[in-house]
Structures are given as structure tokens and as C-alpha cells.
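S.K.: Dropping in model-v2.pdb, with PDB, C-alpha atoms.
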ATOM      1  CA  MET A   1      31.386 -26.101   3.345
ATOM      2  CA  PRO A   2      28.297 -25.952   1.106
ATOM      3  CA  GLU A   3      27.304 -22.588  -0.202
ATOM      4  CA  GLN A   4      23.820 -21.299   0.485
ATOM      5  CA  SER A   5      22.147 -18.423  -1.314
ATOM      6  CA  ILE A   6      19.054 -16.819   0.138
ATOM      7  CA  ASP A   7      17.080 -14.834  -2.429
ATOM      8  CA  PHE A   8      15.557 -11.991  -0.436
ATOM      9  CA  VAL A   9      14.385 -10.178  -3.560
ATOM     10  CA  GLY A  10      12.624 -13.267  -4.822
ATOM     11  CA  HIS A  11      10.522 -13.407  -1.659
ATOM     12  CA  VAL A  12       9.447  -9.761  -1.618
ATOM     13  CA  ALA A  13       9.465  -8.702  -5.276
ATOM     14  CA  ASN A  14       6.638  -9.095  -7.756
ATOM     15  CA  GLY A  15       8.735 -11.290 -10.025
ATOM     16  CA  GLU A  16       8.354 -11.885 -13.733
ATOM     17  CA  HIS A  17       6.166 -14.971 -13.461
ATOM     18  CA  ALA A  18       2.723 -14.453 -14.985
ATOM     19  CA  LEU A  19      -0.143 -16.378 -13.432
ATOM     20  CA  ILE A  20      -2.412 -15.681 -16.398
ATOM     21  CA  HIS A  21      -0.900 -14.919 -19.802
ATOM     22  CA  ILE A  22      -2.836 -12.252 -21.697
ATOM     23  CA  GLY A  23      -0.132 -10.736 -23.871
ATOM     24  CA  THR A  24       0.875  -7.241 -24.846
ATOM     25  CA  PHE A  25      -1.648  -4.520 -25.608
ATOM     26  CA  TYR A  26      -0.252  -1.359 -27.239
ATOM     27  CA  GLY A  27       3.165  -2.092 -25.756
ATOM     28  CA  ILE A  28       1.821  -2.757 -22.248
ATOM     29  CA  ASN A  29       2.218  -6.203 -20.716
ATOM     30  CA  MET A  30      -1.263  -7.218 -19.569
ATOM     31  CA  ASP A  31      -0.248 -10.520 -17.928
ATOM     32  CA  VAL A  32      -1.732 -11.104 -14.483
ATOM     33  CA  THR A  33       1.063 -11.383 -11.930
ATOM     34  CA  LYS A  34       0.862 -12.134  -8.230
ATOM     35  CA  HIS A  35       0.554  -8.491  -7.192
ATOM     36  CA  VAL A  36      -2.184  -7.897  -9.753
ATOM     37  CA  LEU A  37      -4.033 -10.840  -8.252
ATOM     38  CA  MET A  38      -3.603  -9.394  -4.758
ATOM     39  CA  LEU A  39      -4.946  -6.040  -5.951
ATOM     40  CA  TRP A  40      -8.053  -7.829  -7.196
ATOM     41  CA  VAL A  41      -8.406  -9.669  -3.899
ATOM     42  CA  ALA A  42      -8.043  -6.417  -1.940
ATOM     43  CA  ALA A  43     -10.646  -4.707  -4.131
ATOM     44  CA  VAL A  44     -13.075  -7.595  -3.619
ATOM     45  CA  VAL A  45     -12.498  -7.552   0.168
ATOM     46  CA  VAL A  46     -13.097  -3.787   0.431
ATOM     47  CA  PHE A  47     -16.167  -3.916  -1.819
ATOM     48  CA  THR A  48     -17.668  -6.916  -0.020
ATOM     49  CA  PHE A  49     -17.011  -5.483   3.442
ATOM     50  CA  SER A  50     -18.461  -2.057   2.596
ATOM     51  CA  THR A  51     -21.546  -3.199   0.711
ATOM     52  CA  THR A  52     -22.375  -5.971   3.192
ATOM     53  CA  ALA A  53     -22.101  -3.632   6.156
ATOM     54  CA  VAL A  54     -24.246  -0.930   4.526
ATOM     55  CA  ARG A  55     -26.910  -3.351   3.274
ATOM     56  CA  ARG A  56     -27.263  -5.028   6.667
ATOM     57  CA  TYR A  57     -27.652  -1.642   8.324
ATOM     58  CA  ILE A  58     -30.250  -0.548   5.762
ATOM     59  CA  ARG A  59     -32.221  -3.780   6.210
ATOM     60  CA  LYS A  60     -32.129  -3.275   9.966
ATOM     61  CA  GLY A  61     -33.842   0.049   9.429
ATOM     62  CA  GLN A  62     -32.890   1.988  12.533
ATOM     63  CA  GLY A  63     -30.887   1.851  15.711
ATOM     64  CA  ALA A  64     -27.165   1.827  16.324
ATOM     65  CA  PRO A  65     -25.102  -0.143  13.807
ATOM     66  CA  VAL A  66     -23.513  -3.375  15.002
ATOM     67  CA  GLY A  67     -20.808  -5.680  13.746
ATOM     68  CA  ALA A  68     -19.338  -4.763  10.367
ATOM     69  CA  ALA A  69     -21.585  -1.707  10.075
ATOM     70  CA  ASN A  70     -20.280  -0.401  13.392
ATOM     71  CA  ALA A  71     -16.668  -0.939  12.298
ATOM     72  CA  LEU A  72     -17.319   0.829   8.998
ATOM     73  CA  GLU A  73     -19.012   3.732  10.768
ATOM     74  CA  ILE A  74     -16.006   4.156  13.067
ATOM     75  CA  ILE A  75     -13.642   4.266  10.085
ATOM     76  CA  VAL A  76     -15.848   6.663   8.104
ATOM     77  CA  GLU A  77     -16.312   9.089  11.004
ATOM     78  CA  TRP A  78     -12.631   8.943  11.927
ATOM     79  CA  VAL A  79     -11.462   9.678   8.379
ATOM     80  CA  ARG A  80     -14.082  12.409   7.985
ATOM     81  CA  ASP A  81     -13.363  14.197  11.267
ATOM     82  CA  SER A  82      -9.619  13.571  11.668
ATOM     83  CA  ILE A  83      -8.338  13.639   8.091
ATOM     84  CA  SER A  84     -10.841  15.209   5.724
ATOM     85  CA  ARG A  85     -12.424  18.083   7.672
ATOM     86  CA  PRO A  86      -9.196  19.667   8.996
ATOM     87  CA  ASN A  87      -7.653  19.713   5.513
ATOM     88  CA  VAL A  88     -10.389  20.365   2.934
ATOM     89  CA  GLY A  89     -12.898  22.165   5.144
ATOM     90  CA  ASN A  90     -16.652  21.764   5.485
ATOM     91  CA  LYS A  91     -17.414  23.063   1.979
ATOM     92  CA  TRP A  92     -15.637  20.183   0.243
ATOM     93  CA  LEU A  93     -16.152  17.581   2.963
ATOM     94  CA  GLY A  94     -18.715  15.542   1.031
ATOM     95  CA  THR A  95     -16.696  15.761  -2.176
ATOM     96  CA  TRP A  96     -13.342  14.414  -0.988
ATOM     97  CA  THR A  97     -14.133  12.257   2.049
ATOM     98  CA  PRO A  98     -15.200   9.241  -0.095
ATOM     99  CA  LEU A  99     -11.812   9.330  -1.848
ATOM    100  CA  PHE A 100      -9.933   9.377   1.449
ATOM    101  CA  ILE A 101     -12.027   6.529   2.878
ATOM    102  CA  SER A 102     -11.468   4.441  -0.257
ATOM    103  CA  LEU A 103      -7.703   5.054  -0.210
ATOM    104  CA  PHE A 104      -7.407   4.206   3.483
ATOM    105  CA  LEU A 105      -9.420   0.983   3.269
ATOM    106  CA  PHE A 106      -7.773  -0.208   0.070
ATOM    107  CA  ILE A 107      -4.204   0.439   1.245
ATOM    108  CA  LEU A 108      -4.983  -1.034   4.669
ATOM    109  CA  VAL A 109      -6.311  -4.262   3.125
ATOM    110  CA  CYS A 110      -3.390  -4.514   0.671
ATOM    111  CA  ASN A 111      -0.916  -4.035   3.521
ATOM    112  CA  GLY A 112      -2.724  -6.496   5.766
ATOM    113  CA  LEU A 113      -2.975  -9.243   3.156
ATOM    114  CA  GLY A 114       0.807  -9.220   2.893
ATOM    115  CA  LEU A 115       1.048 -10.344   6.526
ATOM    116  CA  ILE A 116      -1.116 -13.431   5.988
ATOM    117  CA  PRO A 117       1.039 -16.416   4.882
ATOM    118  CA  ILE A 118      -1.510 -17.668   2.348
ATOM    119  CA  PHE A 119       0.951 -18.538  -0.401
ATOM    120  CA  GLU A 120       3.547 -19.891   2.017
ATOM    121  CA  ILE A 121       0.974 -22.415   3.256
ATOM    122  CA  ILE A 122       0.107 -23.284  -0.358
ATOM    123  CA  GLY A 123       3.812 -23.769  -1.075
ATOM    124  CA  LEU A 124       4.207 -26.010   1.976
ATOM    125  CA  ILE A 125       1.228 -28.139   0.947
ATOM    126  CA  ASP A 126       2.616 -28.354  -2.580
ATOM    127  CA  HIS A 127       6.050 -29.393  -1.281
ATOM    128  CA  MET A 128       4.655 -32.068   1.045
ATOM    129  CA  PHE A 129       1.772 -33.538  -0.958
ATOM    130  CA  ILE A 130       1.275 -32.220  -4.501
ATOM    131  CA  HIS A 131       4.897 -32.012  -5.776
ATOM    132  CA  SER A 132       4.105 -29.780  -8.754
ATOM    133  CA  GLY A 133       6.862 -28.856 -11.193
ATOM    134  CA  PRO A 134       8.847 -25.593 -11.291
ATOM    135  CA  ASP A 135       6.764 -24.320 -14.213
ATOM    136  CA  SER A 136       3.386 -25.163 -12.718
ATOM    137  CA  PHE A 137       0.707 -22.625 -11.821
ATOM    138  CA  ILE A 138       1.287 -23.220  -8.108
ATOM    139  CA  ALA A 139       5.028 -22.606  -8.424
ATOM    140  CA  HIS A 140       4.403 -19.298 -10.204
ATOM    141  CA  MET A 141       1.784 -18.323  -7.636
ATOM    142  CA  VAL A 142       4.102 -19.014  -4.703
ATOM    143  CA  HIS A 143       6.975 -17.027  -6.236
ATOM    144  CA  GLY A 144       7.331 -13.433  -5.035
ATOM    145  CA  GLY A 145       5.818 -11.389  -2.243
ATOM    146  CA  SER A 146       2.099 -11.008  -1.621
ATOM    147  CA  THR A 147       2.145  -7.382  -0.415
ATOM    148  CA  ALA A 148       0.891  -5.430  -3.412
ATOM    149  CA  THR A 149       1.813  -2.089  -1.829
ATOM    150  CA  ALA A 150       5.455  -3.210  -1.708
ATOM    151  CA  ASN A 151       5.421  -2.974  -5.497
ATOM    152  CA  PHE A 152       6.540   0.472  -6.668
ATOM    153  CA  ASN A 153       4.235   0.219  -9.691
ATOM    154  CA  VAL A 154       1.242  -0.037  -7.363
ATOM    155  CA  THR A 155       2.263   2.831  -5.104
ATOM    156  CA  ALA A 156       3.136   4.944  -8.152
ATOM    157  CA  ALA A 157      -0.379   4.395  -9.528
ATOM    158  CA  LEU A 158      -1.878   5.449  -6.182
ATOM    159  CA  ALA A 159       0.382   8.515  -6.135
ATOM    160  CA  VAL A 160      -0.684   9.453  -9.676
ATOM    161  CA  LEU A 161      -4.287   9.225  -8.494
ATOM    162  CA  THR A 162      -3.420  11.689  -5.732
ATOM    163  CA  PHE A 163      -1.617  13.974  -8.198
ATOM    164  CA  VAL A 164      -4.609  14.081 -10.555
ATOM    165  CA  ASN A 165      -7.013  14.821  -7.718
ATOM    166  CA  ILE A 166      -4.798  17.666  -6.482
ATOM    167  CA  ILE A 167      -5.205  19.336  -9.872
ATOM    168  CA  ILE A 168      -8.956  18.616  -9.898
ATOM    169  CA  ALA A 169      -9.395  20.058  -6.397
ATOM    170  CA  GLY A 170      -7.497  23.244  -7.230
ATOM    171  CA  THR A 171      -9.383  23.639 -10.499
ATOM    172  CA  LEU A 172     -12.795  23.192  -8.852
ATOM    173  CA  GLN A 173     -11.967  25.787  -6.215
ATOM    174  CA  HIS A 174     -10.064  28.410  -8.220
ATOM    175  CA  GLY A 175     -10.408  27.541 -11.904
ATOM    176  CA  PHE A 176      -7.795  25.875 -14.092
ATOM    177  CA  ILE A 177      -5.656  28.946 -14.797
ATOM    178  CA  LYS A 178      -5.833  30.333 -11.256
ATOM    179  CA  HIS A 179      -4.883  26.943  -9.828
ATOM    180  CA  TRP A 180      -1.573  26.935 -11.668
ATOM    181  CA  MET A 181      -1.013  30.605 -10.839
ATOM    182  CA  ASN A 182      -1.397  29.731  -7.145
ATOM    183  CA  LEU A 183       1.724  27.588  -7.284
ATOM    184  CA  VAL A 184       3.828  30.682  -6.579
ATOM    185  CA  PRO A 185       3.145  33.643  -4.225
ATOM    186  CA  HIS A 186       1.637  36.769  -5.726
ATOM    187  CA  GLY A 187       2.966  40.310  -5.574
ATOM    188  CA  MET A 188       6.667  39.498  -5.421
ATOM    189  CA  PRO A 189       9.439  41.141  -7.506
ATOM    190  CA  TRP A 190       9.432  39.512 -10.945
ATOM    191  CA  PRO A 191      13.092  38.319 -10.842
ATOM    192  CA  LEU A 192      12.168  35.990  -7.977
ATOM    193  CA  TYR A 193       9.686  34.163 -10.194
ATOM    194  CA  ILE A 194      12.594  32.952 -12.337
ATOM    195  CA  LEU A 195      13.672  30.943  -9.296
ATOM    196  CA  LEU A 196      10.296  30.196  -7.708
ATOM    197  CA  ILE A 197       8.443  28.817 -10.738
ATOM    198  CA  PRO A 198      10.935  25.965 -11.404
ATOM    199  CA  LEU A 199      11.197  25.178  -7.670
ATOM    200  CA  GLU A 200       7.434  25.033  -7.155
ATOM    201  CA  THR A 201       6.994  22.952 -10.309
ATOM    202  CA  ILE A 202       9.578  20.460  -9.064
ATOM    203  CA  SER A 203       7.873  20.437  -5.658
ATOM    204  CA  LEU A 204       4.571  19.588  -7.326
ATOM    205  CA  PHE A 205       6.048  16.431  -8.872
ATOM    206  CA  VAL A 206       8.098  15.522  -5.793
ATOM    207  CA  ARG A 207       4.933  14.997  -3.757
ATOM    208  CA  PRO A 208       3.666  11.918  -5.651
ATOM    209  CA  PHE A 209       7.234  10.604  -5.846
ATOM    210  CA  ALA A 210       7.535  10.845  -2.051
ATOM    211  CA  LEU A 211       4.206   9.053  -1.630
ATOM    212  CA  THR A 212       5.381   6.300  -3.976
ATOM    213  CA  MET A 213       8.685   5.688  -2.218
ATOM    214  CA  ARG A 214       7.448   6.005   1.361
ATOM    215  CA  LEU A 215       4.702   3.401   1.149
ATOM    216  CA  ALA A 216       6.584   0.837  -0.956
ATOM    217  CA  ALA A 217       9.842   1.167   1.001
ATOM    218  CA  ASN A 218       8.167   0.759   4.384
ATOM    219  CA  MET A 219       6.194  -2.290   3.295
ATOM    220  CA  THR A 220       9.262  -3.897   1.701
ATOM    221  CA  GLY A 221      11.709  -3.111   4.505
ATOM    222  CA  GLY A 222       9.795  -4.955   7.216
ATOM    223  CA  HIS A 223       9.519  -8.152   5.170
ATOM    224  CA  ILE A 224      13.230  -8.069   4.334
ATOM    225  CA  ALA A 225      14.123  -7.636   8.008
ATOM    226  CA  ILE A 226      11.989 -10.626   9.036
ATOM    227  CA  LEU A 227      13.438 -12.779   6.244
ATOM    228  CA  ALA A 228      16.977 -11.802   7.228
ATOM    229  CA  ILE A 229      16.369 -12.825  10.837
ATOM    230  CA  LEU A 230      14.748 -16.128   9.869
ATOM    231  CA  SER A 231      17.638 -16.858   7.516
ATOM    232  CA  PHE A 232      19.903 -17.339  10.547
ATOM    233  CA  VAL A 233      18.122 -20.650  11.157
ATOM    234  CA  PHE A 234      19.131 -22.057   7.770
ATOM    235  CA  THR A 235      22.592 -20.486   7.891
ATOM    236  CA  PHE A 236      23.467 -22.041  11.255
ATOM    237  CA  ALA A 237      21.847 -25.344  10.288
ATOM    238  CA  THR A 238      24.030 -25.467   7.176
ATOM    239  CA  MET A 239      27.235 -24.472   8.977
ATOM    240  CA  PHE A 240      26.908 -26.290  12.316
ATOM    241  CA  GLY A 241      24.114 -28.824  11.903
ATOM    242  CA  PRO A 242      20.346 -28.994  12.481
ATOM    243  CA  ILE A 243      20.621 -28.785  16.288
ATOM    244  CA  ALA A 244      22.402 -25.430  16.057
ATOM    245  CA  GLY A 245      19.849 -24.170  13.564
ATOM    246  CA  MET A 246      16.989 -25.208  15.839
ATOM    247  CA  GLY A 247      18.643 -23.533  18.830
ATOM    248  CA  VAL A 248      19.174 -20.260  16.981
ATOM    249  CA  GLY A 249      15.613 -20.401  15.691
ATOM    250  CA  LEU A 250      14.006 -20.965  19.095
ATOM    251  CA  GLY A 251      16.308 -18.665  21.040
ATOM    252  CA  PHE A 252      16.826 -15.792  18.601
ATOM    253  CA  SER A 253      15.023 -15.825  15.251
ATOM    254  CA  LEU A 254      11.538 -16.802  16.421
ATOM    255  CA  PRO A 255      11.222 -14.268  19.299
ATOM    256  CA  LEU A 256      12.742 -11.407  17.319
ATOM    257  CA  SER A 257      10.761 -12.096  14.138
ATOM    258  CA  THR A 258       7.562 -12.307  16.224
ATOM    259  CA  ALA A 259       8.336  -8.909  17.726
ATOM    260  CA  LEU A 260       9.006  -7.499  14.255
ATOM    261  CA  LEU A 261       5.749  -8.987  13.004
ATOM    262  CA  GLY A 262       3.945  -7.106  15.769
ATOM    263  CA  LEU A 263       5.691  -3.950  14.621
ATOM    264  CA  GLU A 264       4.667  -4.745  11.045
ATOM    265  CA  ILE A 265       1.005  -4.801  12.110
ATOM    266  CA  ILE A 266       1.424  -1.258  13.439
ATOM    267  CA  ILE A 267       3.215  -0.210  10.233
ATOM    268  CA  VAL A 268       0.355  -1.636   8.139
ATOM    269  CA  ILE A 269      -2.091   0.744   9.834
ATOM    270  CA  VAL A 270       0.258   3.717  10.072
ATOM    271  CA  GLN A 271       1.267   3.634   6.405
ATOM    272  CA  ALA A 272      -2.367   3.508   5.257
ATOM    273  CA  TYR A 273      -3.054   6.481   7.529
ATOM    274  CA  VAL A 274       0.019   8.454   6.397
ATOM    275  CA  PHE A 275      -0.719   8.007   2.688
ATOM    276  CA  THR A 276      -4.340   9.067   3.174
ATOM    277  CA  LEU A 277      -3.375  11.996   5.405
ATOM    278  CA  LEU A 278      -0.764  13.324   2.968
ATOM    279  CA  THR A 279      -3.262  13.026   0.117
ATOM    280  CA  ALA A 280      -5.723  15.088   2.144
ATOM    281  CA  VAL A 281      -3.027  17.626   3.025
ATOM    282  CA  PHE A 282      -1.971  18.073  -0.604
ATOM    283  CA  ILE A 283      -5.570  18.416  -1.795
ATOM    284  CA  GLY A 284      -6.256  20.855   1.032
ATOM    285  CA  MET A 285      -3.223  22.924  -0.007
ATOM    286  CA  ALA A 286      -4.632  23.156  -3.524
ATOM    287  CA  ILE A 287      -8.036  24.233  -2.208
ATOM    288  CA  HIS A 288      -6.750  26.682   0.403
ATOM    289  CA  ALA A 289      -3.952  28.274  -1.588
ATOM    290  CA  HIS A 290      -2.710  30.734   1.040
ATOM    291  CA  HIS A 291       0.617  32.328   0.175
TER     292      HIS A 291
END
Render the structure in this file as C-alpha cells.

M.R.:
Amino acid sequence: MPEQSIDFVGHVANGEHALIHIGTFYGINMDVTKHVLMLWVAAVVVFTFSTTAVRRYIRKGQGAPVGAANALEIIVEWVRDSISRPNVGNKWLGTWTPLFISLFLFILVCNGLGLIPIFEIIGLIDHMFIHSGPDSFIAHMVHGGSTATANFNVTAALAVLTFVNIIIAGTLQHGFIKHWMNLVPHGMPWPLYILLIPLETISLFVRPFALTMRLAANMTGGHIAILAILSFVFTFATMFGPIAGMGVGLGFSLPLSTALLGLEIIIVIVQAYVFTLLTAVFIGMAIHAHH
């Protein structure tokens, strides 16, 4: 019986293949990998969508927005009224709402791009017509997953952004010294501070860690589940022949993976919302330091 190895990690991980070799700068590898490319694509999509919608609305002059401008207005008002206002309050609404809108749109686009089989189609075309070598640009581009937010480096960078803005928000509201003093309740017996100060300090750093793990794990888990289900087709085809593989694919793998893909669409939206909401909650806790 022939052995078959299915590399799940290779399909969802960023991989070590560089699309564009730049080299090392002060010990940091600056090569452009697939997830870096997808971050650029997501940034371009968000920028193009936002600026196009706003410019069309401005050129129109007046009246209700339509099309992309209407969609952008719905997102802006929803983030402002449902996420920003309840957490940071009216005083800081104009200061922090742009950050929350940017986070939501960027994470949403990054998540959504991972569901579009762009590179799989490129790989299929290459396999059928181009026949490029294993070290070609196309082969490196096809390798690895296309969901940038499934990369822990990406989610960690977003979480660090949240962490920095928590400190900025607390400092703007209370001052730098008072912000750090607000980490623990005031007026308690001093022996308790020996316990509370380390616990609250750990809690401060746990928040960005939780943001990092939650987003990346959820975006990775769904892709692994779909790949595992689709792998039954190749497993049964190898063990019992192509007819068995086709039967399992049509009767089991295709319906179940389609259902999971529908669930993944919901997860794409929910995870963008959860990350943005938790960022707003943490910033709001720094602003409204009630103990």
C-alpha cells in the first residue's frame, strides 16, 4: 500500500519561502513572504475602498450616500455607536473611533482574503499549463496559506498596537504616572500590594497575548478542519481506488467542507469584531479606571 503524507502545516503556515529577497537588516529578515504580500494587498484594498467611497460622496455633494459610500457609512456608524461610544465615552469618541474602524476593516479584509482561493487557482493553472519548477516564483507564491491573520507574527503586531494604545489612552486621560498607579486599587492595606502589583502587571501583558492567540488560532483552525475533511478524498482514492475517492468526496467531504466554509465566513466577521471590541474594552478600562 503506498504511503501518503498530507502536509497540513504547509498549506496554512507562512513558510520559509521568500517571494522577494531583500536580506537582513540589523538582524531582522526583511524578505517578502506570502503573508507580507497579503498584508500589502489588504492595506491596498482597505485604502482603495475607503478613499474611493469618500471621494465619490464628496463629489456628489449632498444627499444620502449610495454604493460603497453607503457601506462605509454603515460600518463607521456601527463601530462608533456599538463599539467605541460604550467603551471610551463621548469625550474620546473622535480620538479612538478611527483606530477601531481601521482595525476592524483591516482584520476583516485579511480574514476574507484567506477564503478566496487565488493561489490555489494559480497553482492549478501552473500545474496544467505552465509547469514551472519547484524553485520558481510561482511555486514559492503557491506555498503556504494566504490568511495573513493566521500568522502569529501578524496578530502579535496587531496586539502590540493595542497594548501601546492602551498606555497612550491612560496617559492622555490620567497622566503617565497616574496611569500606572491605576493598575491597582487605591486605599488598600499595603501588604496586599505585594500580591496585587505582580498580578496586575501580568494581567496587563496577558491581554495582548490573548488577542494574539485568539485571532490566529481561530483563523488557522478552520482551514485545518477543511483540509482534513478534503483529505479523505485522496486517502480513500489511494487506498480503494479513484471511484471510492470520488464517492467519499461527493457524499461526505464536499457537503461538509461547504458547510464549514459557510461557518468560516461567519468566523471571519466575528473575529474582526471581537478583536476590535476587546481593543476598545481595554482602552476604555485605561480611560475609565474605576477600582

S.K.: Give me, as a list in words, all polymer residues having an atom no more than 10 Å from Val32 in chain A, counting only C-alpha atoms and skipping those fewer than 2 positions away in the same chain.

M.R.: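 What passes the distance filter is His17, Ala18, Leu19, Ile20, His21, Ile22, Gly23, Asn29, Met30, Lys34, His35, Val36 and Leu37 of chain A.
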
S.K.: To one decimal in Å, tell me the separation between CA of Pro86 in chain A and CA of Ile283 in chain A.

M.R.: 11.5 Å

S.K.: Would you mind reading off the distance between CA of Ile197 in chain A and CA of Val184 in chain A, one decimal, in Å?

M.R.: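 Computing the Euclidean distance for CA of Ile197 in chain A and CA of Val184 in chain A yields 6.5 Å.
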
S.K.: Can you tell me, as a CSV table (one decimal) with C-alpha atoms, in the frame of the given file, what residues are no more than 8 Å from range 44-50 of chain A when counting all atoms listed in the file, ignoring any on the same chain fewer than 2 positions away?

M.R.:
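File produced: around15.csv:
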chain,number,residue,atom,x,y,z
A,40,TRP,CA,-8.1,-7.8,-7.2
A,41,VAL,CA,-8.4,-9.7,-3.9
A,42,ALA,CA,-8.0,-6.4,-1.9
A,52,THR,CA,-22.4,-6.0,3.2
A,53,ALA,CA,-22.1,-3.6,6.2
A,54,VAL,CA,-24.2,-0.9,4.5
A,68,ALA,CA,-19.3,-4.8,10.4
A,72,LEU,CA,-17.3,0.8,9.0
A,105,LEU,CA,-9.4,1.0,3.3
A,106,PHE,CA,-7.8,-0.2,0.1
A,109,VAL,CA,-6.3,-4.3,3.1

S.K.: Within 6 Å of (6.2, 3.0, -8.0), all atoms listed in the file: residues as an mmCIF file with C-alpha atoms, in the frame of the given file?

M.R.:
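Below you can see point26.cif, which holds the result:
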data_model
loop_
_atom_site.group_PDB
_atom_site.id
_atom_site.type_symbol
_atom_site.label_atom_id
_atom_site.label_comp_id
_atom_site.auth_asym_id
_atom_site.auth_seq_id
_atom_site.Cartn_x
_atom_site.Cartn_y
_atom_site.Cartn_z
ATOM 1 C CA PHE A 152 6.540 0.472 -6.668
ATOM 2 C CA ASN A 153 4.235 0.219 -9.691
ATOM 3 C CA VAL A 154 1.242 -0.037 -7.363
ATOM 4 C CA THR A 155 2.263 2.831 -5.104
ATOM 5 C CA ALA A 156 3.136 4.944 -8.152
ATOM 6 C CA THR A 212 5.381 6.300 -3.976
#

S.K.: At what distance in Å, to one decimal, does CA of Ile138 in chain A lie from CA of Asp126 in chain A?

M.R.: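 Distance reported for this atom pair: 7.7 Å.
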
S.K.: Looking at A:Leu195, A:Ala148, A:Leu230, A:Ile75, which one is nearest to Met38 in chain A, with distances taken over only C-alpha atoms?

M.R.: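 Between A:Leu195, A:Ala148, A:Leu230, A:Ile75, the residue approaching Met38 in chain A most closely is A:Ala148.
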
S.K.: Can you spell out as a compact mmCIF listing (two decimals) with C-alpha atoms, in the coordinates of the input the set of residues that the PyMOL selection byres ((chain A and resi 114) around 9) selects in the structure I just provided?

M.R.:
# COMPACT_ATOMS: atom_id res chain seq x y z
CA MET A 38 -3.60 -9.39 -4.76
CA VAL A 109 -6.31 -4.26 3.12
CA CYS A 110 -3.39 -4.51 0.67
CA ASN A 111 -0.92 -4.04 3.52
CA GLY A 112 -2.72 -6.50 5.77
CA LEU A 113 -2.98 -9.24 3.16
CA LEU A 115 1.05 -10.34 6.53
CA ILE A 116 -1.12 -13.43 5.99
CA PRO A 117 1.04 -16.42 4.88
CA ILE A 118 -1.51 -17.67 2.35
CA GLY A 145 5.82 -11.39 -2.24
CA SER A 146 2.10 -11.01 -1.62
CA THR A 147 2.14 -7.38 -0.42
CA ALA A 148 0.89 -5.43 -3.41
CA THR A 149 1.81 -2.09 -1.83
CA ALA A 150 5.46 -3.21 -1.71
CA MET A 219 6.19 -2.29 3.30

S.K.: Got a sec to check which residues sit within 10 Å of (9.0, -3.4, 8.8), counting only C-alpha atoms, and write them as number ranges by chain?

M.R.: A: 217-226, 260-268

S.K.: Counting only C-alpha atoms, which residue out of A:Phe104, A:Trp96, A:Phe236, A:Phe282 sits closest to Val206 in chain A?

M.R.: A:Phe282

S.K.: Applying the PyMOL selection byres ((chain A and resi 280) around 12) to the file I just gave you, which residues come out? Please list them as a count of residues only.

M.R.: 42

S.K.: Using the file's own x, y and z axes, what box holds all listed atoms of range 26-40 of chain A with 4 Å on each side, keeping edges along x, y and z, and what are its centre and edge lengths in Å to one decimal, as lines of an AutoDock Vina configuration file?

M.R.:
center_x = -2.4
center_y = -6.7
center_z = -16.0
size_x = 19.2
size_y = 18.8
size_z = 30.5
